[in-house]
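**Student:** File run-v4.csv follows (CSV, C-alpha atoms):
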chain,number,residue,atom,x,y,z
A,254,MET,CA,-186.9,-158.4,47.2
A,255,LEU,CA,-184.7,-159.9,44.5
A,256,THR,CA,-186.1,-159.8,41.0
A,257,THR,CA,-184.6,-161.8,38.1
A,258,ILE,CA,-184.0,-159.6,35.0
A,259,GLN,CA,-183.7,-161.0,31.5
A,260,TYR,CA,-181.7,-158.3,29.6
A,261,LYS,CA,-180.1,-158.8,26.2
A,262,ASN,CA,-179.6,-162.6,26.5
A,263,THR,CA,-178.2,-162.2,30.1
A,264,SER,CA,-179.9,-163.1,33.3
A,265,PHE,CA,-179.1,-161.4,36.7
A,266,ARG,CA,-180.9,-160.4,39.8
A,267,ILE,CA,-181.5,-157.0,41.4
A,268,ASP,CA,-183.2,-155.9,44.6
A,269,LEU,CA,-185.8,-153.4,43.6
A,270,SER,CA,-186.2,-152.4,47.3
A,271,LYS,CA,-182.6,-151.1,47.4
A,272,PRO,CA,-182.3,-148.4,44.9
A,273,ILE,CA,-179.2,-146.2,44.9
A,274,ASP,CA,-180.3,-142.7,43.9
A,275,VAL,CA,-177.3,-140.7,42.5
A,276,SER,CA,-179.2,-137.5,41.7
A,277,ILE,CA,-179.0,-134.2,43.6
A,278,PRO,CA,-182.4,-132.8,44.6
A,279,LEU,CA,-183.5,-129.4,43.3
A,280,THR,CA,-184.2,-126.9,46.1
A,281,ASN,CA,-184.8,-123.1,46.4
A,282,THR,CA,-182.2,-122.9,49.2
A,283,ASP,CA,-178.6,-121.7,49.3
A,284,GLU,CA,-177.7,-125.4,49.5
A,285,ASN,CA,-178.6,-126.0,45.9
A,286,PRO,CA,-175.5,-126.5,43.7
A,287,ILE,CA,-175.1,-123.9,40.9
A,288,ALA,CA,-173.1,-123.7,37.8
A,289,TRP,CA,-172.9,-121.3,34.8
A,290,TYR,CA,-173.2,-118.0,36.6
A,291,ILE,CA,-176.9,-118.1,37.4
A,292,GLU,CA,-178.8,-117.7,40.7
A,293,LYS,CA,-180.5,-120.4,42.7
A,294,PRO,CA,-183.8,-121.9,41.6
A,295,ILE,CA,-187.1,-120.2,42.6
A,296,ILE,CA,-189.9,-122.2,44.1
A,297,GLU,CA,-192.8,-120.0,45.2
A,298,PRO,CA,-196.6,-120.1,45.4
A,299,VAL,CA,-198.8,-118.7,42.7
A,300,ARG,CA,-200.5,-115.4,43.7
A,301,PHE,CA,-203.8,-114.0,42.4
A,302,GLY,CA,-204.5,-110.8,44.3
A,303,ASP,CA,-205.0,-111.8,47.9
A,304,TRP,CA,-205.0,-115.5,47.1
A,305,ILE,CA,-201.8,-117.4,47.7
A,306,GLY,CA,-201.3,-121.0,46.6
A,307,LYS,CA,-200.0,-122.2,49.9
A,308,VAL,CA,-202.1,-124.1,52.5
A,309,SER,CA,-200.1,-122.7,55.4
A,310,GLU,CA,-201.1,-119.1,54.3
A,311,GLY,CA,-204.7,-120.0,54.9
A,312,SER,CA,-206.2,-118.8,51.6
A,313,SER,CA,-205.7,-122.1,49.6
A,314,SER,CA,-206.7,-125.7,50.0
A,315,THR,CA,-203.7,-126.8,48.0
A,316,ASN,CA,-200.0,-126.0,47.6
A,317,PHE,CA,-199.6,-124.6,44.1
A,318,ASN,CA,-196.1,-123.6,43.2
A,319,ASN,CA,-194.3,-122.1,40.2
A,320,ILE,CA,-190.8,-123.4,39.7
A,321,THR,CA,-188.1,-121.5,37.8
A,322,PHE,CA,-184.8,-123.3,37.2
A,323,ASN,CA,-182.2,-124.2,34.6
A,324,PRO,CA,-181.6,-127.9,34.1
A,325,HIS,CA,-177.9,-127.3,33.1
A,326,GLY,CA,-177.0,-125.1,36.0
A,327,HIS,CA,-179.1,-126.3,38.9
A,328,GLY,CA,-178.4,-130.0,39.5
A,329,THR,CA,-178.5,-133.4,38.0
A,330,HIS,CA,-179.6,-133.3,34.4
A,331,THR,CA,-179.5,-135.4,31.3
A,332,GLU,CA,-178.8,-133.8,27.9
A,333,CYS,CA,-178.9,-134.9,24.3
A,334,LEU,CA,-176.8,-133.7,21.3
A,335,GLY,CA,-179.4,-131.0,20.8
A,336,HIS,CA,-177.5,-129.2,23.6
A,337,ILE,CA,-174.8,-128.2,21.0
A,338,THR,CA,-176.6,-128.2,17.6
A,339,ARG,CA,-178.3,-125.5,15.6
A,340,GLU,CA,-181.2,-127.7,14.8
A,341,PHE,CA,-183.5,-128.5,17.7
A,342,TYR,CA,-183.3,-132.0,19.2
A,343,SER,CA,-185.2,-133.0,22.3
A,344,ILE,CA,-184.0,-135.2,25.2
A,345,ASN,CA,-187.6,-136.5,25.4
A,346,GLN,CA,-187.4,-137.8,21.8
A,347,CYS,CA,-183.8,-138.9,22.1
A,348,LEU,CA,-184.0,-141.1,25.2
A,349,LYS,CA,-186.6,-143.9,24.6
A,350,GLN,CA,-185.0,-146.7,26.7
A,351,PHE,CA,-184.4,-146.2,30.4
A,352,PHE,CA,-182.6,-149.2,31.7
A,353,PHE,CA,-178.9,-150.0,30.9
A,354,THR,CA,-176.0,-152.0,32.1
A,355,ALA,CA,-173.6,-149.6,33.8
A,356,GLU,CA,-170.1,-149.4,35.3
A,357,LEU,CA,-169.2,-147.1,38.1
A,358,VAL,CA,-165.5,-146.0,38.2
A,359,SER,CA,-163.7,-143.6,40.6
A,360,VAL,CA,-161.0,-141.3,39.1
A,361,GLN,CA,-158.6,-138.8,40.5
A,362,PRO,CA,-158.2,-136.1,37.8
A,363,GLU,CA,-154.6,-135.3,36.9
A,364,LEU,CA,-153.1,-131.8,36.9
A,365,LYS,CA,-152.2,-130.5,33.5
A,366,GLY,CA,-151.1,-126.9,33.5
A,367,GLU,CA,-153.8,-125.1,35.5
A,368,ASP,CA,-156.5,-127.7,34.8
A,369,TRP,CA,-157.5,-131.0,36.5
A,370,VAL,CA,-158.3,-133.4,33.8
A,371,ILE,CA,-159.7,-136.9,33.4
A,372,THR,CA,-157.5,-138.6,30.9
A,373,LYS,CA,-157.9,-141.5,28.4
A,374,LYS,CA,-155.3,-143.5,30.2
A,375,GLN,CA,-157.2,-143.2,33.5
A,376,LEU,CA,-160.4,-144.3,31.9
A,377,GLU,CA,-158.7,-147.3,30.2
A,378,GLN,CA,-157.2,-148.4,33.6
A,379,ALA,CA,-160.6,-147.9,35.4
A,380,LEU,CA,-162.7,-149.8,32.9
A,381,LYS,CA,-160.3,-152.7,32.6
A,382,GLY,CA,-161.6,-153.8,29.2
A,383,LYS,CA,-165.3,-153.6,30.2
A,384,THR,CA,-167.8,-152.1,27.7
A,385,PRO,CA,-171.0,-151.2,29.5
A,386,GLU,CA,-173.9,-149.3,28.0
A,387,ALA,CA,-173.5,-146.5,30.6
A,388,LEU,CA,-170.5,-145.2,32.4
A,389,LEU,CA,-170.6,-143.3,35.7
A,390,ILE,CA,-167.5,-141.4,36.7
A,391,ARG,CA,-167.0,-140.4,40.3
A,392,THR,CA,-164.2,-137.9,40.7
A,393,LEU,CA,-161.9,-138.0,43.7
A,394,PRO,CA,-161.8,-136.6,46.3
A,395,ASN,CA,-165.6,-137.4,46.6
A,396,GLU,CA,-166.5,-134.4,48.8
A,397,LEU,CA,-170.0,-133.9,50.2
A,398,ALA,CA,-169.5,-130.3,49.0
A,399,LYS,CA,-170.5,-131.5,45.6
A,400,LEU,CA,-174.1,-131.5,46.8
A,401,SER,CA,-174.1,-127.7,47.3
A,402,LYS,CA,-171.0,-126.5,45.4
A,403,LYS,CA,-171.0,-123.2,43.6
A,404,TYR,CA,-169.1,-124.0,40.4
A,405,SER,CA,-169.1,-120.7,38.5
A,406,ASN,CA,-165.6,-119.3,37.9
A,407,THR,CA,-163.9,-122.3,39.6
A,408,ASN,CA,-162.5,-124.1,36.5
A,409,PRO,CA,-163.8,-127.5,37.6
A,410,SER,CA,-162.3,-130.8,36.4
A,411,TYR,CA,-163.3,-132.1,33.0
A,412,ILE,CA,-162.7,-135.0,30.5
A,413,GLU,CA,-159.9,-134.5,27.9
A,414,GLU,CA,-161.0,-134.9,24.3
A,415,ALA,CA,-159.1,-138.1,23.9
A,416,GLY,CA,-160.9,-139.6,26.9
A,417,ALA,CA,-164.3,-138.7,25.3
A,418,VAL,CA,-163.2,-140.3,22.1
A,419,PHE,CA,-162.2,-143.4,24.0
A,420,ILE,CA,-165.6,-143.6,25.6
A,421,LYS,CA,-167.3,-143.1,22.2
A,422,ASP,CA,-165.1,-145.7,20.5
A,423,LEU,CA,-166.1,-148.3,23.2
A,424,GLY,CA,-169.7,-147.8,22.2
A,425,ILE,CA,-170.7,-146.4,25.6
A,426,ALA,CA,-174.0,-144.7,24.9
A,427,HIS,CA,-174.7,-142.9,28.3
A,428,LEU,CA,-172.1,-141.0,30.2
A,429,LEU,CA,-172.8,-139.8,33.7
A,430,ILE,CA,-170.4,-137.6,35.7
A,431,ASP,CA,-170.4,-135.7,39.0
A,432,LEU,CA,-169.1,-132.4,37.4
A,433,PRO,CA,-171.1,-129.6,35.8
A,434,SER,CA,-169.7,-130.4,32.4
A,435,VAL,CA,-167.6,-132.9,30.5
A,436,ASP,CA,-165.8,-129.9,29.1
A,437,LYS,CA,-163.6,-127.1,30.5
A,438,GLU,CA,-165.7,-124.2,32.0
A,439,ASN,CA,-164.1,-121.6,29.7
A,440,ASP,CA,-163.1,-123.3,26.5
A,441,GLU,CA,-164.0,-120.6,24.0
A,442,GLY,CA,-167.0,-122.6,22.9
A,443,LYS,CA,-165.0,-125.5,21.5
A,444,LEU,CA,-166.9,-128.2,23.5
A,445,LEU,CA,-164.4,-130.8,22.4
A,446,SER,CA,-165.5,-133.6,24.7
A,447,HIS,CA,-169.2,-133.1,24.0
A,448,LYS,CA,-168.6,-133.2,20.3
A,449,ALA,CA,-166.3,-136.2,20.6
A,450,PHE,CA,-168.8,-138.2,22.6
A,451,TRP,CA,-171.7,-137.4,20.2
A,452,ASN,CA,-169.4,-137.8,17.2
A,453,VAL,CA,-170.3,-134.4,15.9
A,454,SER,CA,-168.0,-132.4,13.8
A,455,ASN,CA,-170.3,-129.7,12.4
A,456,VAL,CA,-173.1,-128.4,14.7
A,457,ALA,CA,-174.9,-126.9,11.7
A,458,VAL,CA,-175.1,-130.0,9.6
A,459,LEU,CA,-174.9,-133.3,11.4
A,460,ASN,CA,-172.8,-136.1,10.0
A,461,SER,CA,-174.7,-139.3,9.3
A,462,ASP,CA,-173.0,-141.2,12.1
A,463,ALA,CA,-173.7,-138.6,14.8
A,464,ARG,CA,-174.8,-140.5,18.0
A,465,MET,CA,-178.4,-139.3,18.2
A,466,HIS,CA,-179.4,-141.9,20.8
A,467,CYS,CA,-176.6,-141.1,23.3
A,468,THR,CA,-176.8,-138.9,26.4
A,469,ILE,CA,-174.6,-137.1,28.9
A,470,THR,CA,-175.8,-136.7,32.5
A,471,GLU,CA,-174.0,-134.1,34.6
A,472,MET,CA,-173.9,-133.1,38.3
A,473,ILE,CA,-174.7,-136.5,39.8
A,474,TYR,CA,-173.5,-137.5,43.2
A,475,VAL,CA,-172.4,-141.0,44.1
A,476,PRO,CA,-172.1,-141.6,47.9
A,477,GLU,CA,-168.8,-142.9,49.2
A,478,ILE,CA,-170.5,-146.1,50.5
A,479,VAL,CA,-171.3,-147.1,46.9
A,480,ALA,CA,-168.5,-149.3,45.6
A,481,ASP,CA,-167.0,-149.2,42.1
A,482,GLY,CA,-168.3,-152.0,39.9
A,483,SER,CA,-171.2,-153.2,37.7
A,484,TYR,CA,-174.8,-152.0,38.2
A,485,PHE,CA,-178.1,-151.9,36.4
A,486,LEU,CA,-179.1,-148.2,35.7
A,487,ASN,CA,-182.5,-146.7,35.5
A,488,LEU,CA,-182.1,-143.3,33.9
A,489,GLN,CA,-185.2,-141.3,34.6
A,490,ILE,CA,-186.1,-137.9,33.0
A,491,ALA,CA,-189.0,-135.6,33.0
A,492,SER,CA,-190.9,-135.3,29.7
A,493,PHE,CA,-189.5,-132.0,28.6
A,494,GLU,CA,-189.3,-131.1,24.9
A,495,ASN,CA,-185.9,-129.5,25.5
A,496,ASP,CA,-182.3,-130.3,24.9
A,497,ALA,CA,-182.0,-131.3,28.6
A,498,SER,CA,-184.2,-132.4,31.5
A,499,PRO,CA,-183.6,-132.7,35.2
A,500,SER,CA,-183.0,-136.4,35.8
A,501,LYS,CA,-182.9,-139.1,38.4
A,502,PRO,CA,-180.4,-141.8,37.7
A,503,VAL,CA,-180.9,-144.8,40.0
A,504,LEU,CA,-178.5,-147.7,40.3
A,505,TYR,CA,-179.3,-151.3,41.3
A,506,GLN,CA,-176.6,-153.7,42.5
A,507,ILE,CA,-176.3,-156.7,40.2
A,508,GLN,CA,-176.3,-160.3,41.6
A,509,PRO,CA,-175.9,-163.5,39.6
A,510,ALA,CA,-179.2,-165.1,38.6
Any chance you could put this one into structure tokens?

**Tutor:**
Amino acid sequence: MLTTIQYKNTSFRIDLSKPIDVSIPLTNTDENPIAWYIEKPIIEPVRFGDWIGKVSEGSSSTNFNNITFNPHGHGTHTECLGHITREFYSINQCLKQFFFTAELVSVQPELKGEDWVITKKQLEQALKGKTPEALLIRTLPNELAKLSKKYSNTNPSYIEEAGAVFIKDLGIAHLLIDLPSVDKENDEGKLLSHKAFWNVSNVAVLNSDARMHCTITEMIYVPEIVADGSYFLNLQIASFENDASPSKPVLYQIQPA
């Protein structure tokens, strides 16, 4: 079902019946991806004495689970600059718009020393002068293992600081990537690409031009069948008053109006 969208003085069509979900579901199985040295999520029924909140156990008319997870380490999540600041900022207060023009690019990180790095030059070549509101980076090779990878102590690929500055300077407000972080796993707390993207120099006292409205979404997965190009993005979060929330980015292919 094609729907015509009027968005910022531009008209185009999307098919709402053909969403492309690029999130990774959260499970309590060993298939759940994990980063940052934590264990897998816990999803288990509430227990009150002999009563168990699980219909199949026979003592409850409803399934009634507690869920313990970490948004940064257990799957697709969207974070705001409150992730790196002393003062509390909430993703629920930061992200107030949920649809954006987006560009999907595929990049093979380059080996620099012992690290695989996404460079400014690669991003320049991939974007070809485009300036979308949101940028999705799919790293190559695009292995299915991303759906269940255990990232801790593996030194995953990341974006070099100059690349993050380039993205910021283009005015891209929402950065999405299929890695556990835009920064090096063990960077001694420097967080160079986070700070560059959010234009933050001092995490204790924010500069007036810090990019409060901008977000980073990590641990997405874009299937191989989805081609690089322009899309309309719906960036969905849960209403957590926290620096980050589990999220569900959904792409829609753009067609001329």

**Student:** List as a compact mmCIF listing (two decimals) with C-alpha atoms, keeping the file's coordinate frame the protein and nucleic acid residues near A:Phe301, meaning an atom at most 12 Å away when all atoms listed in the file are counted, but skip any in the same chain fewer than 6 places from it.

**Tutor:**
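Once everything was written out, this is around16.txt:
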# COMPACT_ATOMS: atom_id res chain seq x y z
CA LYS A 307 -200.00 -122.20 49.90
CA SER A 312 -206.20 -118.80 51.60
CA SER A 313 -205.70 -122.10 49.60
CA PHE A 317 -199.60 -124.60 44.10

**Student:** Tell me, as a short mmCIF file (atom, residue, chain, number, x, y, z; two decimals) with C-alpha atoms, in the frame of the given file, which residues lie within 10 Å of stretch 323-326 of chain A, counting only C-alpha atoms; anything in the same chain fewer than 5 positions away does not count.

**Tutor:**
data_model
loop_
_atom_site.label_atom_id
_atom_site.label_comp_id
_atom_site.auth_asym_id
_atom_site.auth_seq_id
_atom_site.Cartn_x
_atom_site.Cartn_y
_atom_site.Cartn_z
CA LEU A 279 -183.50 -129.40 43.30
CA PRO A 286 -175.50 -126.50 43.70
CA ILE A 287 -175.10 -123.90 40.90
CA ALA A 288 -173.10 -123.70 37.80
CA TRP A 289 -172.90 -121.30 34.80
CA TYR A 290 -173.20 -118.00 36.60
CA ILE A 291 -176.90 -118.10 37.40
CA GLU A 292 -178.80 -117.70 40.70
CA LYS A 293 -180.50 -120.40 42.70
CA PRO A 294 -183.80 -121.90 41.60
CA THR A 331 -179.50 -135.40 31.30
CA GLU A 332 -178.80 -133.80 27.90
CA HIS A 336 -177.50 -129.20 23.60
CA LYS A 403 -171.00 -123.20 43.60
CA TYR A 404 -169.10 -124.00 40.40
CA SER A 405 -169.10 -120.70 38.50
CA PRO A 433 -171.10 -129.60 35.80
CA SER A 434 -169.70 -130.40 32.40
CA THR A 470 -175.80 -136.70 32.50
CA GLU A 471 -174.00 -134.10 34.60
CA MET A 472 -173.90 -133.10 38.30
CA ASN A 495 -185.90 -129.50 25.50
CA ASP A 496 -182.30 -130.30 24.90
CA ALA A 497 -182.00 -131.30 28.60
CA SER A 498 -184.20 -132.40 31.50
CA PRO A 499 -183.60 -132.70 35.20
CA SER A 500 -183.00 -136.40 35.80
#

**Student:** Which polymer residues, protein or nucleic acid, are no farther than 10 Å from (-179.2, -131.9, 16.3), counting only C-alpha atoms, as an MDAnalysis selection string?

**Tutor:** chainID A and resid 333:343 453 455:460 463:465 496

**Student:** Which residues, written as a PyMOL selection string, have at least one atom at most 7 Å from A:Leu445, with all atoms listed in the file counted and residues fewer than 2 positions away on the same chain left out?

**Tutor:** chain A and resi 414+436+443+447-449

**Student:** Residues within 7 Å of stretch 485-490 of chain A, please, as a list in words. Count only C-alpha atoms; anything in the same chain fewer than 6 positions from it doesn't count.

**Tutor:**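 What passes the distance filter is Phe351, Phe352, Phe353, Thr354, Ala355, Ser498, Pro499, Ser500, Lys501, Pro502, Val503, Leu504, Tyr505, Gln506 and Ile507 of chain A.
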
**Student:** Quote the spacing between atom CA of A:Trp369 and atom CA of A:His427 in Å to one decimal place.

**Tutor:**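 Between atom CA of A:Trp369 and atom CA of A:His427 the gap is 22.5 Å.
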
**Student:** For A:Glu356, which residue out of A:Ser309, A:Thr263, A:Ser483, A:Ser401 is the nearest one, using all atoms listed in the file?

**Tutor:**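 Looking only at the distances to A:Glu356, the closest residue turns out to be A:Ser483.
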